[in-house]
Amino acid sequence: MPKWQDTPFRIEVKANDKISFCQCGKTQNPPYCDGSHAGSGIKPFRETFEDDKVIFICGCGNSKGKPYCDGSHKKLKTDQS
Ligand code: FES
């Protein structure tokens, strides 16, 4: 997954939302899947949410828990300073 931005995407999801997050890096609408993975053998990460909540999707490409942010972007900023 590529680096899209330095910080995670903050997304407000609602109960019963079904969202597909890009895992191939080709989407033109990160972090969402736009179908650009077709033919790559890579599938999006699909999730149905049970509750209204705020989630954070990795934007830096370094999370160990993709598609979710695990805070790795903070370490990158520390390493660069
Ligand atoms: S566009 Fe990347 S997984 Fe669908």
# chains A, B, ... in the order shown; residues from 1 in each chain; ligands from 1

call {"tool": "residues_near_ligand", "arguments": {"ligand": "ligand 1", "cutoff": "7 Å", "atoms": "only C-alpha atoms and all ligand atoms", "output": "PyMOL selection string"}}
result
chain A and resi 21-27+33-37+42-44

call {"tool": "residues_around", "arguments": {"residues": "range 55-69 of chain A", "least_positions_apart": "6", "cutoff": "7 Å", "atoms": "only C-alpha atoms", "output": "ChimeraX atom specification"}}
result
/A:1-12

call {"tool": "write_last_selection", "arguments": {"atoms": "N, CA, C and O atoms", "output": "PDB file, in the first residue's frame"}}
result
ATOM      1  N   MET A   1       0.855  -1.179   0.000  1.00  0.00           N
ATOM      2  CA  MET A   1       0.000   0.000   0.000  1.00  0.00           C
ATOM      3  C   MET A   1       0.894   1.233   0.000  1.00  0.00           C
ATOM      4  O   MET A   1       1.818   1.307   0.778  1.00  0.00           O
ATOM      5  N   PRO A   2       0.655   2.194  -0.857  1.00  0.00           N
ATOM      6  CA  PRO A   2       1.532   3.361  -0.953  1.00  0.00           C
ATOM      7  C   PRO A   2       1.251   4.384   0.129  1.00  0.00           C
ATOM      8  O   PRO A   2       0.260   4.301   0.837  1.00  0.00           O
ATOM      9  N   LYS A   3       2.130   5.345   0.181  1.00  0.00           N
ATOM     10  CA  LYS A   3       1.895   6.482   1.062  1.00  0.00           C
ATOM     11  C   LYS A   3       0.977   7.444   0.331  1.00  0.00           C
ATOM     12  O   LYS A   3       1.289   7.906  -0.767  1.00  0.00           O
ATOM     13  N   TRP A   4      -0.162   7.717   0.926  1.00  0.00           N
ATOM     14  CA  TRP A   4      -1.092   8.677   0.337  1.00  0.00           C
ATOM     15  C   TRP A   4      -0.945  10.044   0.990  1.00  0.00           C
ATOM     16  O   TRP A   4      -1.130  11.062   0.369  1.00  0.00           O
ATOM     17  N   GLN A   5      -0.663  10.019   2.293  1.00  0.00           N
ATOM     18  CA  GLN A   5      -0.508  11.269   3.029  1.00  0.00           C
ATOM     19  C   GLN A   5       0.225  10.967   4.325  1.00  0.00           C
ATOM     20  O   GLN A   5       0.422   9.807   4.680  1.00  0.00           O
ATOM     21  N   ASP A   6       0.666  12.008   5.041  1.00  0.00           N
ATOM     22  CA  ASP A   6       1.466  11.813   6.254  1.00  0.00           C
ATOM     23  C   ASP A   6       0.653  11.406   7.469  1.00  0.00           C
ATOM     24  O   ASP A   6       1.219  10.937   8.456  1.00  0.00           O
ATOM     25  N   THR A   7      -0.638  11.616   7.410  1.00  0.00           N
ATOM     26  CA  THR A   7      -1.492  11.342   8.565  1.00  0.00           C
ATOM     27  C   THR A   7      -2.613  10.394   8.153  1.00  0.00           C
ATOM     28  O   THR A   7      -2.893  10.233   6.965  1.00  0.00           O
ATOM     29  N   PRO A   8      -3.268   9.764   9.136  1.00  0.00           N
ATOM     30  CA  PRO A   8      -4.351   8.841   8.785  1.00  0.00           C
ATOM     31  C   PRO A   8      -5.583   9.579   8.276  1.00  0.00           C
ATOM     32  O   PRO A   8      -5.749  10.783   8.497  1.00  0.00           O
ATOM     33  N   PHE A   9      -6.419   8.832   7.601  1.00  0.00           N
ATOM     34  CA  PHE A   9      -7.721   9.349   7.163  1.00  0.00           C
ATOM     35  C   PHE A   9      -8.689   9.174   8.331  1.00  0.00           C
ATOM     36  O   PHE A   9      -8.853   8.056   8.837  1.00  0.00           O
ATOM     37  N   ARG A  10      -9.325  10.230   8.758  1.00  0.00           N
ATOM     38  CA  ARG A  10     -10.336  10.172   9.820  1.00  0.00           C
ATOM     39  C   ARG A  10     -11.691  10.032   9.151  1.00  0.00           C
ATOM     40  O   ARG A  10     -12.075  10.882   8.342  1.00  0.00           O
ATOM     41  N   ILE A  11     -12.378   8.955   9.463  1.00  0.00           N
ATOM     42  CA  ILE A  11     -13.652   8.669   8.790  1.00  0.00           C
ATOM     43  C   ILE A  11     -14.733   8.400   9.828  1.00  0.00           C
ATOM     44  O   ILE A  11     -14.540   7.589  10.739  1.00  0.00           O
ATOM     45  N   GLU A  12     -15.842   9.072   9.682  1.00  0.00           N
ATOM     46  CA  GLU A  12     -17.000   8.831  10.544  1.00  0.00           C
ATOM     47  C   GLU A  12     -17.873   7.806   9.853  1.00  0.00           C
ATOM     48  O   GLU A  12     -18.416   8.078   8.780  1.00  0.00           O
TER      49      GLU A  12
END

call {"tool": "atom_distance", "arguments": {"atom1": "CA of Ser72 in chain A", "atom2": "CA of Ser20 in chain A"}}
result
22.0 Å

call {"tool": "select_by_dssp", "arguments": {"residues": "chain A", "states": "helix (DSSP H, G or I)", "output": "compact mmCIF listing (two decimals) with C-alpha atoms, in the first residue's frame"}}
result
# COMPACT_ATOMS: atom_id res chain seq x y z
CA SER A 72 3.36 4.32 12.71
CA HIS A 73 3.11 7.75 11.04
CA LYS A 74 4.13 9.35 14.36
CA LYS A 75 7.36 7.36 14.41
CA LEU A 76 8.14 8.42 10.84
CA LYS A 77 7.87 12.08 11.79
CA THR A 78 10.13 11.48 14.81
CA ASP A 79 12.72 9.70 12.68
CA GLN A 80 12.79 12.55 10.16

call {"tool": "closest_residue", "arguments": {"among": "A:Gly71, A:Glu47, A:Val54, A:Gly41", "to": "Lys18 in chain A", "atoms": "only C-alpha atoms"}}
result
A:Glu47

call {"tool": "select_by_dssp", "arguments": {"residues": "range 12-58 of chain A", "states": "strand (DSSP E or B)", "output": "ChimeraX atom specification"}}
result
/A:12-13,18-21,32,45-48,53-57

call {"tool": "atom_distance", "arguments": {"atom1": "CA of Lys14 in chain A", "atom2": "CA of Ala38 in chain A"}}
result
27.4 Å

call {"tool": "residues_around", "arguments": {"residues": "Asp52 in chain A", "least_positions_apart": "3", "cutoff": "9 Å", "atoms": "only C-alpha atoms", "output": "list in words"}}
result
Glu12, Val13, Lys14, Ala15, Asn16, Asp17 and Phe49 of chain A

call {"tool": "write_last_selection", "arguments": {"atoms": "all heavy atoms", "output": "compact mmCIF listing (two decimals), in the first residue's frame"}}
result
# COMPACT_ATOMS: atom_id res chain seq x y z
N GLU A 12 -15.84 9.07 9.68
CA GLU A 12 -17.00 8.83 10.54
C GLU A 12 -17.87 7.81 9.85
O GLU A 12 -18.42 8.08 8.78
CB GLU A 12 -17.76 10.13 10.78
CG GLU A 12 -16.96 11.15 11.57
CD GLU A 12 -17.74 12.44 11.83
OE1 GLU A 12 -18.98 12.43 11.75
OE2 GLU A 12 -17.06 13.45 12.10
N VAL A 13 -17.98 6.62 10.45
CA VAL A 13 -18.81 5.56 9.87
C VAL A 13 -20.11 5.46 10.67
O VAL A 13 -20.16 5.83 11.84
CB VAL A 13 -18.08 4.20 9.84
CG1 VAL A 13 -16.83 4.29 8.98
CG2 VAL A 13 -17.75 3.71 11.23
N LYS A 14 -21.11 4.95 10.00
CA LYS A 14 -22.42 4.75 10.63
C LYS A 14 -22.71 3.26 10.71
O LYS A 14 -22.19 2.46 9.92
CB LYS A 14 -23.52 5.43 9.78
CG LYS A 14 -23.32 6.92 9.59
CD LYS A 14 -23.56 7.66 10.85
CE LYS A 14 -23.47 9.18 10.62
NZ LYS A 14 -23.36 9.90 11.89
N ALA A 15 -23.55 2.90 11.64
CA ALA A 15 -23.96 1.50 11.77
C ALA A 15 -24.50 1.00 10.44
O ALA A 15 -25.26 1.71 9.76
CB ALA A 15 -25.03 1.36 12.85
N ASN A 16 -24.07 -0.18 10.06
CA ASN A 16 -24.46 -0.87 8.82
C ASN A 16 -23.77 -0.33 7.57
O ASN A 16 -24.05 -0.81 6.47
CB ASN A 16 -25.98 -0.86 8.63
CG ASN A 16 -26.67 -1.59 9.75
OD1 ASN A 16 -26.26 -2.67 10.15
ND2 ASN A 16 -27.72 -0.98 10.30
N ASP A 17 -22.89 0.65 7.71
CA ASP A 17 -22.08 1.07 6.56
C ASP A 17 -21.23 -0.10 6.10
O ASP A 17 -20.61 -0.79 6.93
CB ASP A 17 -21.13 2.22 6.92
CG ASP A 17 -21.78 3.59 6.89
OD1 ASP A 17 -22.96 3.68 6.50
OD2 ASP A 17 -21.10 4.56 7.28
N PHE A 49 -19.73 -2.08 9.41
CA PHE A 49 -19.61 -1.52 10.76
C PHE A 49 -20.93 -1.70 11.53
O PHE A 49 -22.01 -1.50 10.97
CB PHE A 49 -19.20 -0.05 10.67
CG PHE A 49 -17.82 0.10 10.10
CD1 PHE A 49 -17.66 0.28 8.72
CD2 PHE A 49 -16.70 0.00 10.90
CE1 PHE A 49 -16.39 0.37 8.17
CE2 PHE A 49 -15.43 0.09 10.35
CZ PHE A 49 -15.27 0.27 8.99
